[in-house]
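Undergrad: First, the structure itself, so that you have it in front of you.
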Amino acid sequence: MRKKELQIFVYEYDTLVELSESDQKLIIAAREASENAYAPYSNFHVGAALILENGVLIKGNNQENADFTDGLCAERVALFYANANYPNSKVEAMAVTAKNSNGLVKEPAQPCGSCRQAIVEAEVRFNHPIRLILDGANKIMVVDNAESLLPFAFKPVVLG
Ligand SMILES: [Zn+2]
């Protein structure tokens, strides 16, 4: 038996202005995207913004449905749009934010498990990490890649 320790680096910022200009821009774009979320059932408005290596910025937001399981998260709306329209361009970073009826969530917005899996797939596809910038009122959290949030993700290599 071997016991192994996983190491994950998490960078925390107290305020938006501590971040680089490009990261600030991504968070602001994500906040803008959250304004257009279609979330009449949860009233939980999520926004995502990603930047591609070619400089294109893409926004997404959650799209709910009366048949709840047919909706989709902001992160995957943005990522799938990016992969559909720019299939050869790596994603460099993605910012995620969320607001409820009280405004911006206090703790950093966290992608759900399915979104983590989808973002890891994009990392594997392009052999390139996607930095995640997770927005919250109390702090902003940054991780170097999606795999940090989903160690032992299901990867295409297992399909043979
Ligand atoms: Zn999700």
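Residue numbers start at 1 in each chain; chains themselves are named A, B, ... in the order of the structure tokens; ligands are numbered from 1 in the order shown.
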As a PyMOL selection string, which residues of segment 80-153 of chain A does DSSP assign to strand (DSSP E or B)?

TA: chain A and resi 91-100+103-104+131-134+140-143

Undergrad: Extract, using only C-alpha atoms, all DNA, RNA and protein residues at most 9 Å from Lys139 of chain A, discarding same-chain residues fewer than 5 positions from it, and format them as a PyMOL selection string.

TA: chain A and resi 12-16+106-108+134

Undergrad: Nearest to ligand 1: which of A:Ile140, A:Cys112, A:Ala48, A:Leu104 is it, counting only C-alpha atoms and all ligand atoms?

TA: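 Going through A:Ile140, A:Cys112, A:Ala48, A:Leu104 one by one, the smallest distance to ligand 1 is for A:Cys112.
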
Undergrad: Go through the chains and note each residue within 6 Å of ligand 1, using only C-alpha atoms and all ligand atoms, then give the set as a list of chain:residue names.

TA: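 Based on only C-alpha atoms and all ligand atoms, ligand 1 is surrounded within 6 Å by A:Cys73, A:Pro111, A:Cys112, A:Ser114, A:Cys115.
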
Undergrad: Pick the closest to Val77 of chain A from A:Glu123, A:Glu92, A:Glu53, A:Glu64: which is it, counting only C-alpha atoms?

TA: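 Once distances to Val77 of chain A are computed over only C-alpha atoms, the minimum belongs to A:Glu64.
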
Undergrad: Between A:Pro40, A:Pro156, A:Gly55, A:Gly47, which residue has the minimum interatomic distance to Tyr86 of chain A, considering only C-alpha atoms?

TA: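 Looking at the shortest contact to Tyr86 of chain A, the residue is A:Gly55.
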
Undergrad: Quick one: residues within 10 Å of Arg116 of chain A, only C-alpha atoms, excluding same-chain residues fewer than 4 positions away - as a list in words?

TA: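 In the requested format, the answer is Glu75, Arg76, Gln110, Pro111, Cys112, Val120, Glu121, Ala122, Asn145, Ala146, Glu147, Ser148, Leu149, Leu150, Pro151 and Ala153 of chain A.
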
Undergrad: Write the residues of the selection above to a file with C-alpha atoms, as a CSV table (one decimal), in the first residue's frame.

TA:
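That gives us part00.csv:
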```csv
chain,number,residue,atom,x,y,z
A,75,GLU,CA,-19.5,27.1,-17.9
A,76,ARG,CA,-20.6,24.5,-20.4
A,110,GLN,CA,-17.7,26.7,-7.9
A,111,PRO,CA,-18.3,24.8,-11.1
A,112,CYS,CA,-20.5,21.7,-10.6
A,120,VAL,CA,-10.9,18.8,-17.8
A,121,GLU,CA,-11.8,17.2,-21.2
A,122,ALA,CA,-10.9,20.5,-22.9
A,145,ASN,CA,-6.3,24.2,-13.9
A,146,ALA,CA,-9.6,22.4,-13.8
A,147,GLU,CA,-8.0,19.1,-12.8
A,148,SER,CA,-7.1,20.8,-9.5
A,149,LEU,CA,-10.9,20.7,-8.8
A,150,LEU,CA,-11.4,17.2,-10.1
A,151,PRO,CA,-8.4,15.0,-9.4
A,153,ALA,CA,-11.2,12.9,-13.6
```

Undergrad: Between A:Ser22, A:Asn100, A:Asn88, A:Asn138, which one has atoms that come closest to Ile51 of chain A, using only C-alpha atoms?

TA: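 Using only C-alpha atoms, the shortest distance to Ile51 of chain A belongs to A:Ser22.
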
Undergrad: I want to know what sits within 12 Å of Tyr38 of chain A, based on only C-alpha atoms, with residues of the same chain fewer than 3 positions away left out; could you give that as a VMD selection string?

TA: chain A and resid 33 to 35 41 to 47 60 to 66 71 to 74 77

Undergrad: Create the file for the chosen residues now, containing N, CA and C atoms and written as a PDB file, in the first residue's frame.

TA:
```
ATOM      1  N   ALA A  33     -22.283  38.578 -18.198  1.00  0.00           N
ATOM      2  CA  ALA A  33     -22.994  37.405 -18.733  1.00  0.00           C
ATOM      3  C   ALA A  33     -24.084  36.941 -17.779  1.00  0.00           C
ATOM      4  N   SER A  34     -23.814  37.029 -16.481  1.00  0.00           N
ATOM      5  CA  SER A  34     -24.809  36.564 -15.501  1.00  0.00           C
ATOM      6  C   SER A  34     -26.102  37.378 -15.590  1.00  0.00           C
ATOM      7  N   GLU A  35     -25.984  38.608 -16.068  1.00  0.00           N
ATOM      8  CA  GLU A  35     -27.174  39.464 -16.204  1.00  0.00           C
ATOM      9  C   GLU A  35     -28.161  38.882 -17.211  1.00  0.00           C
ATOM     10  N   TYR A  41     -36.377  29.746 -12.574  1.00  0.00           N
ATOM     11  CA  TYR A  41     -36.788  28.757 -11.580  1.00  0.00           C
ATOM     12  C   TYR A  41     -35.926  28.817 -10.327  1.00  0.00           C
ATOM     13  N   SER A  42     -34.628  28.954 -10.509  1.00  0.00           N
ATOM     14  CA  SER A  42     -33.733  28.990  -9.348  1.00  0.00           C
ATOM     15  C   SER A  42     -33.449  30.413  -8.893  1.00  0.00           C
ATOM     16  N   ASN A  43     -33.593  31.359  -9.804  1.00  0.00           N
ATOM     17  CA  ASN A  43     -33.184  32.747  -9.552  1.00  0.00           C
ATOM     18  C   ASN A  43     -31.712  32.821  -9.145  1.00  0.00           C
ATOM     19  N   PHE A  44     -30.953  31.832  -9.590  1.00  0.00           N
ATOM     20  CA  PHE A  44     -29.514  31.786  -9.342  1.00  0.00           C
ATOM     21  C   PHE A  44     -28.844  32.038 -10.689  1.00  0.00           C
ATOM     22  N   HIS A  45     -28.304  33.234 -10.820  1.00  0.00           N
ATOM     23  CA  HIS A  45     -27.792  33.670 -12.114  1.00  0.00           C
ATOM     24  C   HIS A  45     -26.275  33.470 -12.179  1.00  0.00           C
ATOM     25  N   VAL A  46     -25.869  32.605 -13.065  1.00  0.00           N
ATOM     26  CA  VAL A  46     -24.445  32.274 -13.186  1.00  0.00           C
ATOM     27  C   VAL A  46     -23.918  32.833 -14.496  1.00  0.00           C
ATOM     28  N   GLY A  47     -22.720  33.354 -14.440  1.00  0.00           N
ATOM     29  CA  GLY A  47     -22.063  33.859 -15.649  1.00  0.00           C
ATOM     30  C   GLY A  47     -20.677  33.261 -15.758  1.00  0.00           C
ATOM     31  N   GLY A  60     -20.917  32.936 -21.364  1.00  0.00           N
ATOM     32  CA  GLY A  60     -22.024  31.984 -21.254  1.00  0.00           C
ATOM     33  C   GLY A  60     -22.759  32.236 -19.955  1.00  0.00           C
ATOM     34  N   ASN A  61     -23.974  31.731 -19.877  1.00  0.00           N
ATOM     35  CA  ASN A  61     -24.732  31.849 -18.640  1.00  0.00           C
ATOM     36  C   ASN A  61     -25.668  30.651 -18.520  1.00  0.00           C
ATOM     37  N   ASN A  62     -26.194  30.438 -17.331  1.00  0.00           N
ATOM     38  CA  ASN A  62     -27.039  29.250 -17.159  1.00  0.00           C
ATOM     39  C   ASN A  62     -28.355  29.425 -17.899  1.00  0.00           C
ATOM     40  N   GLN A  63     -28.791  28.325 -18.493  1.00  0.00           N
ATOM     41  CA  GLN A  63     -30.016  28.288 -19.285  1.00  0.00           C
ATOM     42  C   GLN A  63     -30.916  27.221 -18.682  1.00  0.00           C
ATOM     43  N   GLU A  64     -31.920  27.669 -17.947  1.00  0.00           N
ATOM     44  CA  GLU A  64     -32.807  26.712 -17.275  1.00  0.00           C
ATOM     45  C   GLU A  64     -33.984  26.319 -18.166  1.00  0.00           C
ATOM     46  N   ASN A  65     -34.705  25.320 -17.716  1.00  0.00           N
ATOM     47  CA  ASN A  65     -35.831  24.798 -18.482  1.00  0.00           C
ATOM     48  C   ASN A  65     -36.887  24.316 -17.499  1.00  0.00           C
ATOM     49  N   ALA A  66     -38.165  24.402 -17.902  1.00  0.00           N
ATOM     50  CA  ALA A  66     -39.249  23.909 -17.052  1.00  0.00           C
ATOM     51  C   ALA A  66     -39.045  22.427 -16.736  1.00  0.00           C
ATOM     52  N   GLY A  71     -31.772  21.919 -18.636  1.00  0.00           N
ATOM     53  CA  GLY A  71     -30.997  23.151 -18.602  1.00  0.00           C
ATOM     54  C   GLY A  71     -29.509  22.867 -18.705  1.00  0.00           C
ATOM     55  N   LEU A  72     -28.734  23.940 -18.776  1.00  0.00           N
ATOM     56  CA  LEU A  72     -27.281  23.766 -18.831  1.00  0.00           C
ATOM     57  C   LEU A  72     -26.592  24.901 -18.080  1.00  0.00           C
ATOM     58  N   CYS A  73     -25.460  24.559 -17.474  1.00  0.00           N
ATOM     59  CA  CYS A  73     -24.687  25.516 -16.682  1.00  0.00           C
ATOM     60  C   CYS A  73     -23.961  26.531 -17.573  1.00  0.00           C
ATOM     61  N   ALA A  74     -23.664  27.660 -16.980  1.00  0.00           N
ATOM     62  CA  ALA A  74     -22.965  28.738 -17.683  1.00  0.00           C
ATOM     63  C   ALA A  74     -21.617  28.295 -18.243  1.00  0.00           C
ATOM     64  N   VAL A  77     -22.099  26.145 -21.310  1.00  0.00           N
ATOM     65  CA  VAL A  77     -22.619  26.955 -22.419  1.00  0.00           C
ATOM     66  C   VAL A  77     -21.457  27.689 -23.087  1.00  0.00           C
TER      67      VAL A  77
END
```

Undergrad: Of the candidates A:Val124, A:Ile133, A:Val105, A:Val91, which shows the shortest atom-to-atom distance to Gln24 of chain A, using only C-alpha atoms?

TA: A:Ile133

Undergrad: Taking only C-alpha atoms into account, name the residue in A:Asn54, A:Glu5, A:Asp23, A:Ala137 that is nearest to Gly103 of chain A.

TA: A:Ala137

Undergrad: Once DSSP has gone over the backbone, tell me which residues of chain A are in alpha helix (DSSP H), as JSON, numbers by chain.

TA: {"A": [21, 22, 23, 24, 25, 26, 27, 28, 29, 30, 31, 32, 33, 34, 35, 74, 75, 76, 77, 78, 79, 80, 81, 82, 83, 84, 85, 113, 114, 115, 116, 117, 118, 119, 120, 121, 122, 123, 124, 125, 126]}

Undergrad: Go ahead and dump the residues you just picked, C-alpha atoms, as an mmCIF file, in the first residue's frame.

TA:
```cif
data_model
loop_
_atom_site.group_PDB
_atom_site.id
_atom_site.type_symbol
_atom_site.label_atom_id
_atom_site.label_comp_id
_atom_site.auth_asym_id
_atom_site.auth_seq_id
_atom_site.Cartn_x
_atom_site.Cartn_y
_atom_site.Cartn_z
ATOM 1 C CA GLU A 21 -5.998 43.378 -15.675
ATOM 2 C CA SER A 22 -6.827 40.451 -17.941
ATOM 3 C CA ASP A 23 -8.313 38.447 -15.065
ATOM 4 C CA GLN A 24 -10.338 41.465 -13.950
ATOM 5 C CA LYS A 25 -11.653 41.799 -17.482
ATOM 6 C CA LEU A 26 -12.725 38.157 -17.490
ATOM 7 C CA ILE A 27 -14.557 38.475 -14.182
ATOM 8 C CA ILE A 28 -16.333 41.614 -15.335
ATOM 9 C CA ALA A 29 -17.353 39.805 -18.538
ATOM 10 C CA ALA A 30 -18.653 36.886 -16.456
ATOM 11 C CA ARG A 31 -20.656 39.284 -14.288
ATOM 12 C CA GLU A 32 -22.097 40.864 -17.434
ATOM 13 C CA ALA A 33 -22.994 37.405 -18.733
ATOM 14 C CA SER A 34 -24.809 36.564 -15.501
ATOM 15 C CA GLU A 35 -27.174 39.464 -16.204
ATOM 16 C CA ALA A 74 -22.965 28.738 -17.683
ATOM 17 C CA GLU A 75 -19.536 27.120 -17.855
ATOM 18 C CA ARG A 76 -20.584 24.484 -20.376
ATOM 19 C CA VAL A 77 -22.619 26.955 -22.419
ATOM 20 C CA ALA A 78 -19.453 29.049 -22.830
ATOM 21 C CA LEU A 79 -17.084 26.121 -23.299
ATOM 22 C CA PHE A 80 -19.213 24.292 -25.859
ATOM 23 C CA TYR A 81 -19.769 27.501 -27.810
ATOM 24 C CA ALA A 82 -16.001 28.019 -27.837
ATOM 25 C CA ASN A 83 -15.274 24.470 -28.941
ATOM 26 C CA ALA A 84 -18.033 24.591 -31.568
ATOM 27 C CA ASN A 85 -16.928 27.864 -33.126
ATOM 28 C CA GLY A 113 -18.982 18.209 -11.072
ATOM 29 C CA SER A 114 -20.241 17.903 -14.651
ATOM 30 C CA CYS A 115 -18.677 21.230 -15.623
ATOM 31 C CA ARG A 116 -15.392 20.250 -13.986
ATOM 32 C CA GLN A 117 -15.433 17.069 -16.074
ATOM 33 C CA ALA A 118 -16.162 19.042 -19.270
ATOM 34 C CA ILE A 119 -13.389 21.545 -18.577
ATOM 35 C CA VAL A 120 -10.891 18.759 -17.839
ATOM 36 C CA GLU A 121 -11.837 17.231 -21.201
ATOM 37 C CA ALA A 122 -10.902 20.525 -22.890
ATOM 38 C CA GLU A 123 -7.590 20.495 -21.019
ATOM 39 C CA VAL A 124 -6.868 16.968 -22.242
ATOM 40 C CA ARG A 125 -8.046 17.758 -25.779
ATOM 41 C CA PHE A 126 -5.631 20.650 -26.142
#
```

Undergrad: How many Å lie between atom CA of Phe154 of chain A and atom CA of Pro129 of chain A, rounded to one decimal?

TA: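 Computing it gives 16.0 Å between the two atoms.
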
Undergrad: Quick one: distance from atom CA of Phe152 of chain A to atom CA of Thr97 of chain A in Å, one decimal?

TA: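 Atom CA of Thr97 of chain A lies at a distance of 25.0 Å from atom CA of Phe152 of chain A.
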
Undergrad: Have a look at atom CA of Asn36 of chain A and atom CA of Leu52 of chain A and let me know their distance in Å, one decimal.

TA: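 Pair atom CA of Asn36 of chain A / atom CA of Leu52 of chain A returns 21.4 Å.
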